Each structure stands twice: as structure tokens, then as C-alpha cells.
2 protein chains.
Amino acid sequence: MTATITTSIALERLAGAVQANVDALASAPPEAATIRPRVRTSLIKGTPTGVHVSTGPHEFTIDEPTSLGGDDTGANPVEHLLASLGACQVISYQVWAAKLGIAIDNVEVDITGDLDVRGFFGLDHDIRPGFNTIQVEARITGPEHRERYEELTDLVERHCPVLDIITVGVPVTSKVTYAD
Amino acid sequence: MTATITTSIALERLAGAVQANVDALASAPPEAATIRPRVRTSLIKGTPTGVHVSTGPHEFTIDEPTSLGGDDTGANPVEHLLASLGACQVISYQVWAAKLGIAIDNVEVDITGDLDVRGFFGLDHDIRPGFNTIQVEARITGPEHRERYEELTDLVERHCPVLDIITVGVPVTSKVTYAD
């Protein structure tokens, strides 16, 4: 029971925060509902593929393994993309469990993807540079009936932001500046 | 000149690694060209939205800000998604500059995205949960003629794995297991 009690305190706190957001959105103009995260990435000087990442108060490093010419000082970009999907699934399970009052003891999500590197290296124009497929394996542990967790899974699949981004795609506009 | 000399050593090392990969791919069966990154994400017990991420030798934390009910112990999932795109752009610039022998002193990429949180909270079914648009702003610094960097940008846009994933989308299959 300890796990359930500990996690229920966390879910109650989360439920309060979610409700506060929903209440604020109800009384705000629609344009106030749009958030605009900003992330700065920059080459770490003198390294082949080290990238310093900064967003709000958070900083971390993304790099490539030595087999791809990097120094392996951090997970690489496609691993971070899979991590963002897995974490978004975990957090969406928590948020929707909190909204619905469903108890959860644990959520684990493993993500894998298949990527043919010939696309990235420009060796075959018929091969896309990104993942061909991505596989999600989630494990939900808790005291409720299976039907409640199935209901939860359905809500997570329909509302997980990163799942939506990756499956549907997003238009990306690019502006590049060159300087000496 | 110091920056150019330092970065050219890094790019030469990267060029060697890229060529080694290309040579290995030329003599290997096509199925050997597929890599399969694996990432494990799991709820940090007792927290509302803390997620422990593990991939190969790398570990990090993804969380939500306190305004969304989290403890802000790491950047959140959509920020990590934008970080993966920015880092993939920076690394793709380095890899293709190394392949083509183009000198680069610095690469910086800022990424922003517009996300209407009413989609995530299930308040309006016509609003998608993910980003509506993503904006990339890249700044390339180096001693070469502008035309060479424009050529480089064209190659990066066509071969960046995360740009491809996010703009085109990827089929995702999910398997969920429930346990007491």
C-alpha cells in the first residue's frame, strides 16, 4: 500500500494544478492558451558534435557517440526525440489519472525506433533520414480495475502532445543567417 | 583565425568518422544500415511528473514546471523535442560541412513552437495537443563564401533526421501492459 499512498499524494497535488490551469483557461481569451517554448542549441566550440542546450533554467548536452564522430558526452538527437515521447506518455498518464481520480503506482515507457542511416548520409535518396517506425511499450501498475486503465490509455493516446507531433507532423519554417 | 583552426581540427576528425561509416555501409548488407535506438522512461516514484530517462550510458530527468504541477527538475517533453531538433540541425551542419570540406566557426540554432494547451487538457477537440507550428532560426559563422553555406543549408534541410521526423511524421505502434 505504501506506493499507492505516496503516489496518491503526488496525484492529488497534480490534480489541483491541472484544475487551476483548466479554470484559468476558461476565463482567459483564447490567445492566452498558446504557450511558446524556446530552446537555444549551440555547437560547443572545438568539438565535432557537442551541442549545448539551454531552455529556461535548464541546460544539458546532446552529442553523438564516438562511432559517429562525437565525444559521447550526452544522448544524441534521435534518442532525445524518443525520450521526449516516452516522458510525454508518462506525464500524460499522470495528468489524466489525476484528472479522473485513477490511482497509479508506476508508469514505465520504453521507446525504440528504426532508422536507416543511409538516408542521413545521403547514400540513397529513396531512404528517409528519420525513423521509419517507432514502437512504444508502456507498463502501468496500480490497484484499479483493468477497464479504468484502458480508459486512461485511450485518453493518453488522444491527448499526448509529443505523440501527436510525431505521428501527425508539424510545419517547420526555417530562417538562416550567415556571417563572417 | 584561432576559432577556424580549432574547429577545423574537430571537423577533420568528424570527416574521418563519417567516411568510415560510409565505407562500412558500402560493404555491408542493407539490413546492417538500420540502427535501433532504445530509450527507457519511468515515473520517479512519489513525484507528480518527474521522469527518469535512461539510454545507453546516459541518464537525465524530464519534468514539468510548477505551473503545470511538476517540480521543474528538468526541461519538459516538448522542450526536449525542440532541443532534439535544434541539436540535430547543429550536428547535421557539422557532418555535412565535414563531408564537403566547408569550414565553420560556429553554429547556433534557436527553436520555438506554438502550442495551444487546450488541446492537451481536452478542452476543445478541434485543437491538436501538439505544436501547430515550429520555427527554426539558425546562425552560421565562418570564413567561406555565402554560396557554400547556402549549399550546406540545402543539404542539412534534406538530411536532418529530426527535421524529417517532425515535418513528415512517423507511424507509432503502442503496446500497453497493465499489472496490479
# chains A, B, ... in the order shown; residues from 1 in each chain; ligands from 1
>>> select_by_dssp(residues="stretch 46-175 of chain B", states="alpha helix (DSSP H)", output="PyMOL selection string")
chain B and resi 77-100+117-120+146-159+161-168
>>> residues_around(residues="A:Arg38", least_positions_apart="3", cutoff="7 Å", atoms="only C-alpha atoms", output="NGL selection string")
(:A and (55)) or (:B and (111-112))
>>> closest_residue(among="B:Asp71, B:Glu59, B:Glu151, B:Asp23", to="B:Val39", atoms="only C-alpha atoms")
B:Glu59
>>> atom_distance(atom1="atom CA of A:His58", atom2="atom CA of B:Pro129")
23.4 Å
>>> atom_distance(atom1="atom CA of A:Thr73", atom2="atom CA of B:Gln19")
21.6 Å
>>> atom_distance(atom1="atom CA of B:Ala179", atom2="atom CA of A:Ile140")
6.4 Å
>>> closest_residue(among="B:Leu11, B:Val117, B:Val170, B:Val107", to="A:Ala33", atoms="only C-alpha atoms")
B:Val117
>>> closest_residue(among="B:Leu81, B:Ala97, B:Ala28, B:Ala103", to="chain A", atoms="only C-alpha atoms")
B:Leu81
>>> residues_around(residues="A:Ile104", least_positions_apart="5", cutoff="9 Å", atoms="only C-alpha atoms", output="CSV table (one decimal) with N, CA and C atoms, in the first residue's frame")
chain,number,residue,atom,x,y,z
A,3,ALA,N,3.3,2.4,-1.8
A,3,ALA,CA,3.5,3.0,-3.1
A,3,ALA,C,2.2,3.8,-3.5
A,4,THR,N,1.0,3.2,-3.3
A,4,THR,CA,-0.2,3.8,-3.7
A,4,THR,C,-0.4,5.1,-2.9
A,7,THR,N,2.1,7.8,-4.1
A,7,THR,CA,1.7,8.3,-5.4
A,7,THR,C,0.4,9.1,-5.4
A,8,SER,N,-0.5,8.7,-4.5
A,8,SER,CA,-1.8,9.4,-4.5
A,8,SER,C,-1.6,10.8,-4.0
A,11,LEU,N,-0.4,12.6,-7.0
A,11,LEU,CA,-1.5,12.8,-8.0
A,11,LEU,C,-2.5,13.9,-7.5
A,93,TYR,N,-0.1,10.1,-18.7
A,93,TYR,CA,-0.7,9.2,-17.8
A,93,TYR,C,-1.0,9.8,-16.5
A,94,GLN,N,0.0,10.5,-15.9
A,94,GLN,CA,-0.2,11.1,-14.6
A,94,GLN,C,-1.2,12.2,-14.6
A,97,ALA,N,-4.7,10.6,-15.1
A,97,ALA,CA,-5.1,9.8,-13.9
A,97,ALA,C,-5.5,10.8,-12.8
A,140,ILE,N,1.8,-0.1,-17.0
A,140,ILE,CA,1.0,0.6,-15.9
A,140,ILE,C,0.8,-0.3,-14.8
A,141,THR,N,1.1,0.2,-13.6
A,141,THR,CA,0.9,-0.6,-12.4
A,141,THR,C,0.0,0.1,-11.4
A,142,GLY,N,-1.0,-0.5,-10.8
A,142,GLY,CA,-1.9,0.1,-9.9
A,142,GLY,C,-3.0,-0.8,-9.4
A,143,PRO,N,-3.8,-0.3,-8.5
A,143,PRO,CA,-4.8,-1.1,-7.8
A,143,PRO,C,-6.2,-1.1,-8.5
A,144,GLU,N,-6.4,-0.4,-9.6
A,144,GLU,CA,-7.7,-0.2,-10.1
A,144,GLU,C,-8.0,-1.4,-11.1
A,149,TYR,N,-7.8,1.6,-16.5
A,149,TYR,CA,-6.6,1.8,-17.1
A,149,TYR,C,-6.7,1.9,-18.7
>>> residues_around(residues="A:Asp72", least_positions_apart="4", cutoff="10 Å", atoms="only C-alpha atoms", output="list of chain:residue names")
A:Thr49, A:Gly50, A:Thr61, A:Ile62, A:Asp63, A:Glu64, A:Pro65, A:Thr66, A:Ser67, A:Leu68, A:Asn76, B:Pro57, B:His58
>>> closest_residue(among="B:Arg158, B:Lys99, B:Lys175, B:His52", to="chain A", atoms="only C-alpha atoms")
B:Lys175
>>> closest_residue(among="B:Glu157, B:Arg118, B:Leu152, B:Ile166", to="A:Pro29", atoms="only C-alpha atoms")
B:Arg118
>>> decode(residues="stretch 122-140 of chain A", atoms="N, CA and C atoms", output="short mmCIF file (atom, residue, chain, number, x, y, z; two decimals), in the first residue's frame")
data_model
loop_
_atom_site.label_atom_id
_atom_site.label_comp_id
_atom_site.auth_asym_id
_atom_site.auth_seq_id
_atom_site.Cartn_x
_atom_site.Cartn_y
_atom_site.Cartn_z
N GLY A 122 23.04 10.52 -46.98
CA GLY A 122 22.79 10.88 -48.37
C GLY A 122 23.21 9.81 -49.37
N LEU A 123 23.19 8.54 -48.95
CA LEU A 123 23.67 7.46 -49.82
C LEU A 123 22.55 6.89 -50.69
N ASP A 124 21.30 7.17 -50.35
CA ASP A 124 20.18 6.66 -51.13
C ASP A 124 19.02 7.63 -50.94
N HIS A 125 18.65 8.32 -52.02
CA HIS A 125 17.63 9.38 -51.91
C HIS A 125 16.23 8.82 -51.66
N ASP A 126 16.04 7.49 -51.83
CA ASP A 126 14.74 6.90 -51.56
C ASP A 126 14.56 6.55 -50.08
N ILE A 127 15.63 6.68 -49.29
CA ILE A 127 15.56 6.35 -47.86
C ILE A 127 15.43 7.64 -47.07
N ARG A 128 14.40 7.74 -46.25
CA ARG A 128 14.21 8.96 -45.46
C ARG A 128 15.29 9.03 -44.37
N PRO A 129 15.69 10.25 -43.97
CA PRO A 129 16.71 10.37 -42.93
C PRO A 129 16.20 10.03 -41.52
N GLY A 130 14.91 10.16 -41.30
CA GLY A 130 14.37 9.94 -39.95
C GLY A 130 13.93 8.50 -39.72
N PHE A 131 13.23 8.28 -38.60
CA PHE A 131 12.72 6.95 -38.26
C PHE A 131 11.68 6.49 -39.29
N ASN A 132 11.73 5.18 -39.62
CA ASN A 132 10.66 4.59 -40.42
C ASN A 132 9.47 4.24 -39.54
N THR A 133 9.75 3.70 -38.36
CA THR A 133 8.70 3.36 -37.41
C THR A 133 9.23 3.60 -35.99
N ILE A 134 8.30 3.82 -35.08
CA ILE A 134 8.63 3.96 -33.65
C ILE A 134 7.69 3.03 -32.89
N GLN A 135 8.25 2.34 -31.89
CA GLN A 135 7.46 1.41 -31.08
C GLN A 135 7.44 1.89 -29.62
N VAL A 136 6.24 1.93 -29.05
CA VAL A 136 6.04 2.32 -27.65
C VAL A 136 5.60 1.08 -26.87
N GLU A 137 6.27 0.83 -25.75
CA GLU A 137 5.82 -0.24 -24.84
C GLU A 137 5.63 0.36 -23.46
N ALA A 138 4.38 0.44 -23.01
CA ALA A 138 4.07 1.05 -21.71
C ALA A 138 3.64 -0.02 -20.72
N ARG A 139 4.04 0.17 -19.47
CA ARG A 139 3.62 -0.73 -18.38
C ARG A 139 3.02 0.14 -17.26
N ILE A 140 1.75 -0.12 -16.96
CA ILE A 140 1.03 0.65 -15.94
C ILE A 140 0.76 -0.28 -14.77
#
